[in-house]
>>> print(open('target-v2.pdb').read())   # PDB, C-alpha atoms and all ligand atoms
ATOM      1  CA  MET A 945      -9.005  -1.288 -17.453  1.00  0.00           C
ATOM      2  CA  ASP A 946     -10.851  -4.549 -17.438  1.00  0.00           C
ATOM      3  CA  GLU A 947     -12.657  -4.501 -14.172  1.00  0.00           C
ATOM      4  CA  THR A 948     -14.532  -7.610 -13.337  1.00  0.00           C
ATOM      5  CA  SER A 949     -17.625  -6.667 -11.455  1.00  0.00           C
ATOM      6  CA  GLU A 950     -17.344  -9.458  -8.948  1.00  0.00           C
ATOM      7  CA  ASN A 951     -15.303  -7.659  -6.366  1.00  0.00           C
ATOM      8  CA  SER A 952     -15.954  -4.110  -7.230  1.00  0.00           C
ATOM      9  CA  ARG A 953     -18.203  -3.009  -4.410  1.00  0.00           C
ATOM     10  CA  ASN A 954     -15.625  -0.668  -3.001  1.00  0.00           C
ATOM     11  CA  THR A 955     -13.614  -3.438  -1.525  1.00  0.00           C
ATOM     12  CA  PHE A 956      -9.908  -3.012  -1.411  1.00  0.00           C
ATOM     13  CA  THR A 957      -8.002  -6.280  -1.344  1.00  0.00           C
ATOM     14  CA  CYS A 958      -4.282  -6.445  -0.957  1.00  0.00           C
ATOM     15  CA  GLN A 959      -3.035  -8.886  -3.539  1.00  0.00           C
ATOM     16  CA  LEU A 960      -0.051  -9.848  -1.471  1.00  0.00           C
ATOM     17  CA  CYS A 961      -1.323 -10.424   2.050  1.00  0.00           C
ATOM     18  CA  GLY A 962      -5.016 -10.737   1.263  1.00  0.00           C
ATOM     19  CA  LEU A 963      -6.111  -7.964   3.561  1.00  0.00           C
ATOM     20  CA  SER A 964      -9.592  -6.983   2.491  1.00  0.00           C
ATOM     21  CA  THR A 965     -11.580  -4.007   3.622  1.00  0.00           C
ATOM     22  CA  THR A 966     -13.988  -1.443   2.264  1.00  0.00           C
ATOM     23  CA  PHE A 967     -12.716   1.861   1.048  1.00  0.00           C
ATOM     24  CA  THR A 968     -14.604   5.073   0.542  1.00  0.00           C
ATOM     25  CA  TYR A 969     -12.402   6.822  -1.938  1.00  0.00           C
ATOM     26  CA  TYR A 970      -9.675   6.148  -4.461  1.00  0.00           C
ATOM     27  CA  GLY A 971      -7.526   8.998  -5.609  1.00  0.00           C
ATOM     28  CA  GLN A 972      -5.193  11.705  -4.483  1.00  0.00           C
ATOM     29  CA  LYS A 973      -7.554  14.128  -2.844  1.00  0.00           C
ATOM     30  CA  PRO A 974      -9.815  12.561  -0.239  1.00  0.00           C
ATOM     31  CA  PRO A 975     -13.170  14.300   0.088  1.00  0.00           C
ATOM     32  CA  ASN A 976     -13.968  16.305   3.217  1.00  0.00           C
ATOM     33  CA  THR A 977     -10.361  17.146   3.731  1.00  0.00           C
ATOM     34  CA  ARG A 978      -9.325  20.733   3.494  1.00  0.00           C
ATOM     35  CA  ALA A 979      -6.120  20.810   1.596  1.00  0.00           C
ATOM     36  CA  ILE A 980      -4.701  17.368   1.631  1.00  0.00           C
ATOM     37  CA  VAL A 981      -3.228  16.050  -1.545  1.00  0.00           C
ATOM     38  CA  LEU A 982      -1.669  12.653  -1.243  1.00  0.00           C
ATOM     39  CA  LEU A 983       1.608  11.773  -2.907  1.00  0.00           C
ATOM     40  CA  GLU A 984      -0.040   9.003  -4.832  1.00  0.00           C
ATOM     41  CA  GLU A 985      -3.449   7.711  -5.720  1.00  0.00           C
ATOM     42  CA  CYS A 986      -4.535   5.698  -2.716  1.00  0.00           C
ATOM     43  CA  PHE A 987      -7.378   3.655  -1.444  1.00  0.00           C
ATOM     44  CA  VAL A 988      -8.723   5.684   1.420  1.00  0.00           C
ATOM     45  CA  ALA A 989     -11.294   4.934   4.083  1.00  0.00           C
ATOM     46  CA  GLN A 990     -12.845   7.330   6.477  1.00  0.00           C
ATOM     47  CA  ASP A 991     -11.743   6.585   9.977  1.00  0.00           C
ATOM     48  CA  PRO A 992     -14.830   4.936  11.471  1.00  0.00           C
ATOM     49  CA  PHE A 993     -13.632   5.580  14.991  1.00  0.00           C
ATOM     50  CA  SER A 994     -13.190   9.273  14.623  1.00  0.00           C
ATOM     51  CA  PRO A 995     -16.015  11.819  14.709  1.00  0.00           C
ATOM     52  CA  ASP A 996     -13.758  14.103  12.759  1.00  0.00           C
ATOM     53  CA  LYS A 997     -14.775  13.779   9.132  1.00  0.00           C
ATOM     54  CA  GLU A 998     -11.359  14.856   8.004  1.00  0.00           C
ATOM     55  CA  LYS A 999      -9.718  11.852   9.528  1.00  0.00           C
ATOM     56  CA  PHE A1000      -9.017   9.152   7.051  1.00  0.00           C
ATOM     57  CA  LEU A1001      -6.890   6.091   6.712  1.00  0.00           C
ATOM     58  CA  VAL A1002      -4.760   5.202   3.750  1.00  0.00           C
ATOM     59  CA  LEU A1003      -5.339   1.520   3.106  1.00  0.00           C
ATOM     60  CA  GLY A1004      -3.172   0.899   0.129  1.00  0.00           C
ATOM     61  CA  SER A1005      -2.336   1.774  -3.393  1.00  0.00           C
ATOM     62  CA  THR A1006      -1.457   0.304  -6.743  1.00  0.00           C
ATOM     63  CA  CYS A1007       2.023  -0.911  -7.557  1.00  0.00           C
ATOM     64  CA  SER A1008       3.360   1.374 -10.224  1.00  0.00           C
ATOM     65  CA  LEU A1009       5.015  -1.554 -11.998  1.00  0.00           C
ATOM     66  CA  CYS A1010       2.674  -4.539 -11.904  1.00  0.00           C
ATOM     67  CA  ARG A1011      -0.522  -2.622 -11.062  1.00  0.00           C
ATOM     68  CA  LYS A1012      -1.355  -4.968  -8.231  1.00  0.00           C
ATOM     69  CA  CYS A1013      -3.333  -3.536  -5.357  1.00  0.00           C
ATOM     70  CA  VAL A1014      -1.159  -3.622  -2.306  1.00  0.00           C
ATOM     71  CA  CYS A1015      -1.686  -2.395   1.225  1.00  0.00           C
ATOM     72  CA  VAL A1016       0.668   0.071   2.847  1.00  0.00           C
ATOM     73  CA  GLY A1017       1.901  -2.549   5.307  1.00  0.00           C
ATOM     74  CA  SER A1018       5.658  -2.781   5.419  1.00  0.00           C
ATOM     75  CA  ASP A1019       5.470  -6.414   4.323  1.00  0.00           C
ATOM     76  CA  CYS A1020       3.611  -5.576   1.157  1.00  0.00           C
ATOM     77  CA  SER A1021       4.799  -2.338  -0.355  1.00  0.00           C
ATOM     78  CA  LEU A1022       7.063   0.618  -0.039  1.00  0.00           C
ATOM     79  CA  PHE A1023       6.893   4.141  -1.302  1.00  0.00           C
ATOM     80  CA  TYR A1024       9.941   5.414  -3.090  1.00  0.00           C
ATOM     81  CA  THR A1025       8.857   8.272  -5.340  1.00  0.00           C
ATOM     82  CA  ARG A1026       6.121   5.867  -6.400  1.00  0.00           C
ATOM     83  CA  ARG A1027       4.421   2.867  -4.845  1.00  0.00           C
ATOM     84  CA  PHE A1028       6.073  -0.489  -5.388  1.00  0.00           C
ATOM     85  CA  CYS A1029       4.936  -3.857  -4.153  1.00  0.00           C
ATOM     86  CA  LEU A1030       7.673  -5.786  -2.426  1.00  0.00           C
ATOM     87  CA  ARG A1031       7.638  -8.427  -5.147  1.00  0.00           C
ATOM     88  CA  CYS A1032       8.636  -5.900  -7.751  1.00  0.00           C
ATOM     89  CA  VAL A1033      11.189  -4.463  -5.396  1.00  0.00           C
ATOM     90  CA  ALA A1034      12.682  -7.898  -4.878  1.00  0.00           C
ATOM     91  CA  GLU A1035      12.790  -8.543  -8.608  1.00  0.00           C
ATOM     92  CA  ARG A1036      14.447  -5.247  -9.341  1.00  0.00           C
ATOM     93  CA  SER A1037      16.322  -4.598  -6.160  1.00  0.00           C
ATOM     94  CA  ASP A1038      19.425  -3.646  -8.128  1.00  0.00           C
ATOM     95  CA  GLN A1039      17.542  -0.674  -9.501  1.00  0.00           C
ATOM     96  CA  PHE A1040      16.786   0.723  -6.079  1.00  0.00           C
ATOM     97  CA  PRO A1041      19.283   2.788  -4.166  1.00  0.00           C
ATOM     98  CA  GLN A1042      21.387   1.283  -1.446  1.00  0.00           C
ATOM     99  CA  GLN A1043      19.308   3.036   1.172  1.00  0.00           C
ATOM    100  CA  ILE A1044      16.159   1.202   0.125  1.00  0.00           C
ATOM    101  CA  ARG A1045      17.928  -2.115  -0.113  1.00  0.00           C
ATOM    102  CA  ALA A1046      19.358  -1.692   3.344  1.00  0.00           C
ATOM    103  CA  GLU A1047      15.887  -0.918   4.615  1.00  0.00           C
ATOM    104  CA  LEU A1048      14.517  -4.079   3.055  1.00  0.00           C
ATOM    105  CA  ALA A1049      17.358  -6.176   4.346  1.00  0.00           C
ATOM    106  CA  LYS A1050      16.510  -4.948   7.809  1.00  0.00           C
ATOM    107  CA  ARG A1051      12.893  -5.949   7.389  1.00  0.00           C
ATOM    108  CA  LYS A1052      13.834  -9.403   6.202  1.00  0.00           C
ATOM    109  CA  GLN A1053      15.940 -10.087   9.229  1.00  0.00           C
ATOM    110  CA  SER A1054      13.640 -12.296  11.155  1.00  0.00           C
ATOM    111  CA  PRO A1055      15.001 -13.622  14.390  1.00  0.00           C
ATOM    112  CA  GLU A1056      16.099 -17.093  13.451  1.00  0.00           C
ATOM    113  CA  PRO A1057      16.413 -19.638  16.194  1.00  0.00           C
ATOM    114  CA  THR A1058      20.023 -20.542  16.427  1.00  0.00           C
ATOM    115  CA  ALA A1059      20.900 -24.080  17.364  1.00  0.00           C
ATOM    116  CA  LEU A1060      23.167 -24.205  20.317  1.00  0.00           C
TER     117      LEU A1060
HETATM  118 ZN    ZN B1101      -0.831  -6.369   2.236  1.00  0.00          ZN
HETATM  119 ZN    ZN B1102       4.450  -4.785  -8.197  1.00  0.00          ZN
END
>>> encode(input="target-v2.pdb", output="C-alpha cells")
Amino acid sequence: MDETSENSRNTFTCQLCGLSTTFTYYGQKPPNTRAIVLLEECFVAQDPFSPDKEKFLVLGSTCSLCRKCVCVGSDCSLFYTRRFCLRCVAERSDQFPQQIRAELAKRKQSPEPTAL
C-alpha cells in the first residue's frame, strides 16, 4: 500500500470512467446494517436520500487483478466470483466463461448507424 495523501479524503474515484464521489465506508460489512455481508470489499456510501440508516449504495470496488478502483457501472467492471475491471476482462477474455463473454459482447453492441 502506497497511498498518496492527495486524494485520500474518502473520495472514491473510478479509474476508468472518472466518476468521483465520497464514500463513507470501505469493506465487506457496512456499519449500521444488521446482517449484511457483501460479496466483496466495496466502497459504500450511505444513501443520502433515505432516512433509513441501513440504506446504502455500493459505489465500486477494486479490480482483483490490477487493483484499480472501478465503479460498479456496467461499462467499468463486472463481478464474476471477484471484481474485474473491464480492461482486465478484455485482456483476458479467453479465461472467462462463454457466458461472461456473451454478456460483454452484448454490452459492446452499440447501435451503429448503417449507411443506406
Ligand atoms: Zn466507472
Ligand atoms: Zn483490472
>>> closest_residue(input="target-v2.pdb", among="A:Gln1043, A:Thr1006, A:Thr966, A:Thr977", to="Phe1028 (chain A)", atoms="all atoms listed in the file")
A:Thr1006
>>> resolve_selection(input="target-v2.pdb", expression="the PyMOL selection byres (((not hetatm)) within 7 of (chain B and resi 1102))", output="ChimeraX atom specification")
/A:1007-1012,1028-1032
>>> residues_near_ligand(input="target-v2.pdb", ligand="ligand ZN 1101 (chain B)", cutoff="12 Å", atoms="all atoms listed in the file", output="number ranges by chain")
A: 956-965, 1003-1007, 1012-1022, 1028-1031
>>> resolve_selection(input="target-v2.pdb", expression="the PyMOL selection byres (((chain A and resi 980-997) around 8) and not hetatm)", output="short mmCIF file (atom, residue, chain, number, x, y, z; two decimals) with C-alpha atoms, in the frame of the given file")
data_model
loop_
_atom_site.label_atom_id
_atom_site.label_comp_id
_atom_site.auth_asym_id
_atom_site.auth_seq_id
_atom_site.Cartn_x
_atom_site.Cartn_y
_atom_site.Cartn_z
CA PHE A 956 -9.91 -3.01 -1.41
CA THR A 966 -13.99 -1.44 2.26
CA PHE A 967 -12.72 1.86 1.05
CA THR A 968 -14.60 5.07 0.54
CA TYR A 969 -12.40 6.82 -1.94
CA TYR A 970 -9.68 6.15 -4.46
CA GLY A 971 -7.53 9.00 -5.61
CA GLN A 972 -5.19 11.70 -4.48
CA LYS A 973 -7.55 14.13 -2.84
CA PRO A 974 -9.82 12.56 -0.24
CA ASN A 976 -13.97 16.30 3.22
CA THR A 977 -10.36 17.15 3.73
CA ARG A 978 -9.32 20.73 3.49
CA ALA A 979 -6.12 20.81 1.60
CA GLU A 998 -11.36 14.86 8.00
CA LYS A 999 -9.72 11.85 9.53
CA PHE A 1000 -9.02 9.15 7.05
CA LEU A 1001 -6.89 6.09 6.71
CA VAL A 1002 -4.76 5.20 3.75
CA LEU A 1003 -5.34 1.52 3.11
CA GLY A 1004 -3.17 0.90 0.13
CA SER A 1005 -2.34 1.77 -3.39
CA THR A 1006 -1.46 0.30 -6.74
CA ARG A 1026 6.12 5.87 -6.40
CA ARG A 1027 4.42 2.87 -4.84
#
>>> atom_distance(input="target-v2.pdb", atom1="CA of Lys1052 (chain A)", atom2="CA of Ser1037 (chain A)")
13.5 Å
>>> axis_aligned_box(input="target-v2.pdb", around="region 1030-1046 of chain A", padding_each_side="8 Å", output="AutoDock Vina command-line options")
--center_x 14.5 --center_y -2.8 --center_z -3.1 --size_x 29.7 --size_y 27.6 --size_z 28.8
>>> atom_distance(input="target-v2.pdb", atom1="CA of Thr1025 (chain A)", atom2="CA of Ala1049 (chain A)")
19.4 Å
>>> atom_distance(input="target-v2.pdb", atom1="CA of Arg1051 (chain A)", atom2="CA of Phe1023 (chain A)")
14.6 Å
